[in-house]
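Engineer: Structure incoming, see below.
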Amino acid sequence: MADDYLVRIGKLIRDARQHRGWTQTQLAEALGTSQSAVNRIERGNQNISLEMIARIGEALDSEIVSLGYAGPMHLRVVGGRRLSGAIDVKTSKNACVALLCGSLLNKGRTVLRRVARIEEVFRLLEVLNSIGVRTRWINEGVDLEIVPPARLDMDAIDEEAARRTRSIIMFLGPLLHRMDSFKLPYAGGCDLGTRTIEPHMIALRRFGLDITATEGLYHAQVERSTAPGRPIVLTERGDTVTENALLAAARHDGVTVIRNASSNYMVQDLCFFLEALGVRVDGVGTTTLTVHGVPTIDVDVDYSPSEDPVEAMSLLAAAVVTESELTIRRVPIEFLEIELAVLEEMGLDHDRSTEYTADNGRTRLVDLTVRPSKLEAPIDKIHPMPFPGLNIDNVPFFAAIAAAAQGQTLIHDWVYDNRAIYLTDLNRLGGRLQLLDPHRVLVEGPTRWRAAEMMCPPALRPAVVVLLAMMAAEGTSVLRNVYVINRGYEELAERLNSVGAQIEIFRDI
């Protein structure tokens with residue numbers, strides 16, 4: 001019981017520290033102790049006095065000095081409200097985590113601008129800090145500075161944080177250039193069914209990486225004499241698979257050709273970042289990438305990841321289901337054109353501004369104004385395809401949009417095993433969704449949403465879809481344990497409230 005109590009206190013301290021935007025080292029400096037001591041406290045592995053709890057609370061300007069367990073975060077949603085005004089799209093979650101992994105390639109200082117302050121990023125920062133990488137939020141917590149050590153301490157890796165993010169798999173590409181052997185915990189993240197790392201290994205074996213999986217760890221060995229002598233053909237046109245191959249190729253002293261590569265938004269952002277590091281990448285935006293690697297990267301780099309097209313789609317769906325007029329600013333239009341073409345056929349009334357350039361100097365942005373529309377179900381099924389097709393992560397939002405449309409819509413999520421199943425949680429809110437098999441769901445609209453109290457689905461996008469339906473439902477709904485939403489969205493409730501939603505954050509007492 002005492003150990004469990006210490007773990008709970010540790011989690012409260014960790015959450016308060018991350019909310020402040022501090023690293024463990026910064027908190028340690030404020031307390032006059034060591035980073036390792038703070039790490040033990042946050043893990044619940046060290047006895048802690050009331051005096052120390054009070055000192056930590058004072059340093060973090062947090063009420064963690066109260067000894068109760070705050071518990072998981074929940075949302076109380078008063079629905080039936082129209083949204084209005086304008087809201088900006090945040091930087092891309094998936095690009096930011098790829099760039100954090102990519103920073104391991106660089107011996108110099110990396111600054112990433114306007115990094116998404118989300119749980120997925122926090123988990124990766126915990127992992128990076130645990131192996132010796134110094135990170136700190138700068139410019140009033142807006143930007144992130146990353147400085148690697150001369151030698152990474154992989155034996156000290158924070159396994160708990162690593163297991164809570166699938167992005168840890170993208171450490172493989174950079175690490176194979178830094179050490180001959182290392183261990184990584186199994187990758188975690190959303191519960192979306194079985195996903196193996198074999199596509200990653202097919203690419204990375206060409207750089208001499210060999211992995212044995214035992215007891216929850218990947219044991220990696222690198223054979224330095226192995227190098228790709230012919231083009232690497234990916235067996236899966238996956239985003240993280242392509243990114244891992246890019247990260248491995250970046251410091252391979254030679255030219256690497258990657259075929260069947262993803263050309264999705266986060267891959268393009270990683271390519272632009274590699275170019276800032278001095279790595280030439282030909283074919284960005286196509287399925288064949290040619291990487292002119294360099295054996296050593298030691299530069300001070302400043303890079304601005306682009307905006308998140310999936311968050312843009314989330315905000316667009318929020319406007320549709322609440323029958324609102326809303327302007328969504330800084331939309332990366334190149335990665336939302338197919339979705340908008342489908343929505344236009346369904347009857348969406350919208351305008352878009354002239355295009356302008358993102359802070360990375362490459363990505364095309366627009367401001368998008370959505371108005372209340374009388375939607376009809378599409379004739380064809382909604383299904384994802386690799387870019388430039390409809391984005392796999394945008395498919396769930398069509399479940400909520402289709403529920404607002406007249407007629408039947410077939411949604412076919414052929415990529416993930418479980419996600420279509422989670423979409424049927426909308427039935428708890430008045431939806432009429434019929435699960436045909438684990439990958440296909442039939443949506444009947446229009447829907448008269450009703451309030452309900454329910455647990456958050458364990459997958460990010462379906463969880464947000466449930467929240468949007470609650471915003472459309474008259475009455476008060478409760479969505480419990482929303483950690484998965486915080487993995488991918490920064491202050492989503494507060495930002496939706498700024499345009500007219502009524503969402504209260506609360507915890508169990």
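Chain labels A, B, ... are given in the sequence in which chains occur in the structure tokens; within each chain residues are numbered consecutively from 1, and ligands are likewise numbered from 1 in the order shown.
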Near Ala377 in chain A, within 8 Å and counting only C-alpha atoms, which residues show up once chain neighbours fewer than 6 positions away are dropped, as number ranges by chain?

Structural biologist: A: 346, 402, 405-409, 445

Engineer: Please dump the current selection as a CSV table (one decimal), in the first residue's frame; keep N, CA, C and O atoms.

Structural biologist:
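Result file is out20.csv:
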chain,number,residue,atom,x,y,z
A,346,MET,N,-20.4,15.5,-50.8
A,346,MET,CA,-21.4,15.3,-49.8
A,346,MET,C,-22.2,16.6,-49.5
A,346,MET,O,-23.3,16.5,-48.8
A,402,ALA,N,-20.5,11.3,-41.3
A,402,ALA,CA,-21.5,10.5,-42.0
A,402,ALA,C,-22.8,10.4,-41.1
A,402,ALA,O,-23.9,10.3,-41.7
A,405,ALA,N,-25.1,13.1,-41.9
A,405,ALA,CA,-25.5,13.2,-43.3
A,405,ALA,C,-26.8,12.3,-43.5
A,405,ALA,O,-27.0,11.4,-42.7
A,406,GLN,N,-27.5,12.6,-44.6
A,406,GLN,CA,-28.7,11.8,-44.9
A,406,GLN,C,-28.3,10.6,-45.7
A,406,GLN,O,-27.6,10.7,-46.7
A,407,GLY,N,-28.6,9.4,-45.2
A,407,GLY,CA,-28.4,8.2,-45.9
A,407,GLY,C,-27.3,7.3,-45.2
A,407,GLY,O,-26.9,7.5,-44.1
A,408,GLN,N,-26.9,6.2,-46.0
A,408,GLN,CA,-26.0,5.3,-45.4
A,408,GLN,C,-24.6,5.5,-46.0
A,408,GLN,O,-24.4,5.7,-47.2
A,409,THR,N,-23.6,5.4,-45.1
A,409,THR,CA,-22.2,5.5,-45.5
A,409,THR,C,-21.4,4.3,-45.1
A,409,THR,O,-21.5,3.9,-43.9
A,445,GLY,N,-27.5,7.9,-41.2
A,445,GLY,CA,-27.7,9.3,-40.8
A,445,GLY,C,-29.0,9.8,-41.3
A,445,GLY,O,-29.7,9.2,-42.2

Engineer: Give the helix (DSSP H, G or I) residues of range 237-435 of chain A, as DSSP finds them on the backbone, and put them as a count of residues only.

Structural biologist: 73

Engineer: Hey, which of A:Cys456, A:Leu336, A:Ala469, A:Ala59 ends up closest to Ala400 in chain A? Count only C-alpha atoms.

Structural biologist: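 Using only C-alpha atoms, the shortest distance to Ala400 in chain A belongs to A:Ala469.
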
Engineer: What's around range 197-204 of chain A at 7 Å? Count only C-alpha atoms, leave out sequence neighbours fewer than 5 positions away in its own chain, and write the answer as a PyMOL selection string.

Structural biologist: chain A and resi 209+232+234-236+241+244-245

Engineer: Any chance you can output those residues with C-alpha atoms as a PDB file, in the first residue's frame?

Structural biologist:
ATOM      1  CA  LEU A 209      20.879  -4.148 -37.787  1.00  0.00           C
ATOM      2  CA  ILE A 232      15.636  -0.753 -50.446  1.00  0.00           C
ATOM      3  CA  LEU A 234       9.750  -1.330 -48.365  1.00  0.00           C
ATOM      4  CA  THR A 235       7.202  -4.129 -48.028  1.00  0.00           C
ATOM      5  CA  GLU A 236       4.801  -1.687 -46.352  1.00  0.00           C
ATOM      6  CA  VAL A 241       8.777   2.449 -41.611  1.00  0.00           C
ATOM      7  CA  ASN A 244      13.160   4.652 -39.851  1.00  0.00           C
ATOM      8  CA  ALA A 245      14.723   3.899 -43.240  1.00  0.00           C
TER       9      ALA A 245
END

Engineer: Could you give me, as number ranges by chain, each residue of range 138-361 of chain A that DSSP assigns to strand (DSSP E) when run on this structure's backbone?

Structural biologist: A: 138, 143-147, 181-185, 209-214, 217-222, 232-233, 255-259, 280-282, 288-292, 301-303, 326-332, 349-352, 356-357

Engineer: Write out as a ChimeraX atom specification which residues come within 10 Å of range 216-228 of chain A when counting only C-alpha atoms, dropping same-chain ones fewer than 5 positions away.

Structural biologist: /A:159,163,169,172,175-187,203-211,249,252-257

Engineer: How would the residues just picked look written out with N, CA, C and O atoms as a CSV table (one decimal), in the first residue's frame?

Structural biologist:
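That gives us selection.csv:
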chain,number,residue,atom,x,y,z
A,159,GLU,N,12.1,2.7,-19.2
A,159,GLU,CA,11.3,1.7,-19.9
A,159,GLU,C,9.8,1.9,-19.8
A,159,GLU,O,9.1,1.7,-20.8
A,163,ARG,N,7.6,2.3,-23.2
A,163,ARG,CA,6.5,1.3,-23.5
A,163,ARG,C,5.2,2.0,-23.8
A,163,ARG,O,4.3,1.4,-24.3
A,169,ILE,N,10.0,3.1,-31.6
A,169,ILE,CA,10.6,2.2,-32.6
A,169,ILE,C,11.5,3.0,-33.6
A,169,ILE,O,12.4,2.4,-34.2
A,172,LEU,N,15.5,3.1,-33.6
A,172,LEU,CA,16.4,2.1,-34.2
A,172,LEU,C,17.3,2.7,-35.3
A,172,LEU,O,18.5,2.4,-35.3
A,175,LEU,N,20.0,5.0,-33.7
A,175,LEU,CA,20.9,4.4,-32.8
A,175,LEU,C,21.9,3.4,-33.4
A,175,LEU,O,23.0,3.2,-32.9
A,176,LEU,N,21.5,2.9,-34.6
A,176,LEU,CA,22.4,1.9,-35.2
A,176,LEU,C,23.7,2.5,-35.7
A,176,LEU,O,24.7,1.8,-35.9
A,177,HIS,N,23.7,3.9,-35.8
A,177,HIS,CA,25.0,4.6,-36.1
A,177,HIS,C,25.8,5.0,-34.9
A,177,HIS,O,26.9,5.4,-35.1
A,178,ARG,N,25.2,4.9,-33.7
A,178,ARG,CA,25.8,5.4,-32.5
A,178,ARG,C,26.5,4.3,-31.7
A,178,ARG,O,27.3,4.6,-30.8
A,179,MET,N,26.0,3.1,-31.8
A,179,MET,CA,26.5,2.0,-31.0
A,179,MET,C,26.4,0.7,-31.7
A,179,MET,O,25.5,0.5,-32.5
A,180,ASP,N,27.2,-0.3,-31.2
A,180,ASP,CA,27.2,-1.6,-31.9
A,180,ASP,C,26.2,-2.5,-31.3
A,180,ASP,O,25.8,-3.5,-32.0
A,181,SER,N,25.7,-2.2,-30.1
A,181,SER,CA,24.6,-3.0,-29.5
A,181,SER,C,23.9,-2.2,-28.5
A,181,SER,O,24.4,-1.3,-27.9
A,182,PHE,N,22.6,-2.4,-28.4
A,182,PHE,CA,21.7,-1.7,-27.5
A,182,PHE,C,20.4,-2.5,-27.3
A,182,PHE,O,20.1,-3.4,-28.1
A,183,LYS,N,19.7,-2.0,-26.3
A,183,LYS,CA,18.3,-2.6,-26.0
A,183,LYS,C,17.3,-1.5,-26.0
A,183,LYS,O,17.5,-0.4,-25.6
A,184,LEU,N,16.1,-1.9,-26.6
A,184,LEU,CA,15.0,-1.0,-26.5
A,184,LEU,C,13.8,-1.8,-26.0
A,184,LEU,O,13.5,-2.9,-26.4
A,185,PRO,N,12.9,-1.1,-25.2
A,185,PRO,CA,11.7,-1.8,-24.8
A,185,PRO,C,10.7,-1.9,-26.0
A,185,PRO,O,10.8,-1.2,-26.9
A,186,TYR,N,9.8,-2.9,-25.9
A,186,TYR,CA,8.8,-3.1,-26.9
A,186,TYR,C,8.0,-1.8,-27.1
A,186,TYR,O,7.7,-1.1,-26.1
A,187,ALA,N,7.6,-1.5,-28.3
A,187,ALA,CA,6.8,-0.3,-28.6
A,187,ALA,C,5.4,-0.5,-28.1
A,187,ALA,O,4.8,-1.5,-28.2
A,203,ALA,N,13.9,-3.2,-43.8
A,203,ALA,CA,14.7,-2.1,-44.3
A,203,ALA,C,16.0,-2.0,-43.5
A,203,ALA,O,17.1,-1.7,-44.1
A,204,LEU,N,15.9,-2.1,-42.2
A,204,LEU,CA,17.1,-1.8,-41.3
A,204,LEU,C,18.2,-2.9,-41.3
A,204,LEU,O,19.3,-2.7,-41.1
A,205,ARG,N,17.8,-4.1,-41.7
A,205,ARG,CA,18.8,-5.2,-41.8
A,205,ARG,C,19.8,-4.9,-42.9
A,205,ARG,O,20.9,-5.3,-42.9
A,206,ARG,N,19.4,-4.1,-43.9
A,206,ARG,CA,20.3,-3.7,-45.0
A,206,ARG,C,21.4,-2.8,-44.5
A,206,ARG,O,22.4,-2.6,-45.2
A,207,PHE,N,21.2,-2.2,-43.3
A,207,PHE,CA,22.2,-1.4,-42.7
A,207,PHE,C,23.0,-2.1,-41.6
A,207,PHE,O,23.7,-1.6,-40.8
A,208,GLY,N,22.8,-3.5,-41.5
A,208,GLY,CA,23.5,-4.3,-40.6
A,208,GLY,C,22.8,-4.5,-39.2
A,208,GLY,O,23.4,-5.0,-38.3
A,209,LEU,N,21.6,-4.0,-39.1
A,209,LEU,CA,20.9,-4.1,-37.8
A,209,LEU,C,20.2,-5.5,-37.7
A,209,LEU,O,19.5,-5.9,-38.6
A,210,ASP,N,20.5,-6.2,-36.6
A,210,ASP,CA,19.8,-7.5,-36.3
A,210,ASP,C,19.2,-7.4,-34.9
A,210,ASP,O,19.8,-6.9,-34.0
A,211,ILE,N,18.0,-7.9,-34.8
A,211,ILE,CA,17.3,-7.8,-33.5
A,211,ILE,C,16.8,-9.1,-33.1
A,211,ILE,O,16.2,-9.9,-33.9
A,249,ALA,N,19.4,5.9,-43.3
A,249,ALA,CA,20.2,6.3,-44.5
A,249,ALA,C,20.9,7.6,-44.3
A,249,ALA,O,21.9,7.9,-45.0
A,252,HIS,N,24.4,7.0,-43.3
A,252,HIS,CA,25.1,6.0,-44.1
A,252,HIS,C,26.0,6.8,-45.1
A,252,HIS,O,25.4,7.6,-45.9
A,253,ASP,N,27.3,6.5,-45.1
A,253,ASP,CA,28.2,7.2,-46.0
A,253,ASP,C,28.0,6.7,-47.4
A,253,ASP,O,28.8,5.9,-47.8
A,254,GLY,N,27.0,7.2,-48.1
A,254,GLY,CA,26.8,6.8,-49.4
A,254,GLY,C,25.4,7.2,-49.8
A,254,GLY,O,24.7,7.9,-49.1
A,255,VAL,N,24.9,6.7,-51.0
A,255,VAL,CA,23.6,7.0,-51.5
A,255,VAL,C,22.7,5.8,-51.3
A,255,VAL,O,23.0,4.7,-51.6
A,256,THR,N,21.5,6.1,-50.7
A,256,THR,CA,20.5,5.0,-50.4
A,256,THR,C,19.3,5.4,-51.2
A,256,THR,O,18.8,6.5,-51.0
A,257,VAL,N,18.7,4.4,-51.9
A,257,VAL,CA,17.5,4.6,-52.6
A,257,VAL,C,16.4,3.8,-51.9
A,257,VAL,O,16.6,2.6,-51.6

Engineer: Measuring between only C-alpha atoms, which one of A:Asn39, A:Ser92, A:Ser49, A:Asn106 shows the shortest distance to Ala161 in chain A?

Structural biologist: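 Using only C-alpha atoms, the shortest distance to Ala161 in chain A belongs to A:Asn39.
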
Engineer: Restricting the calculation to only C-alpha atoms, which member of A:Pro458, A:Gly32, A:Pro174, A:Gly361 is positioned closest to Leu100 in chain A?

Structural biologist: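 Under the stated criterion, the closest residue is A:Pro174.
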
Engineer: To one decimal in Å, tell me the separation between CA of Pro295 in chain A and CA of Arg251 in chain A.

Structural biologist: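 One can read the CA of Pro295 in chain A to CA of Arg251 in chain A distance as 4.7 Å.
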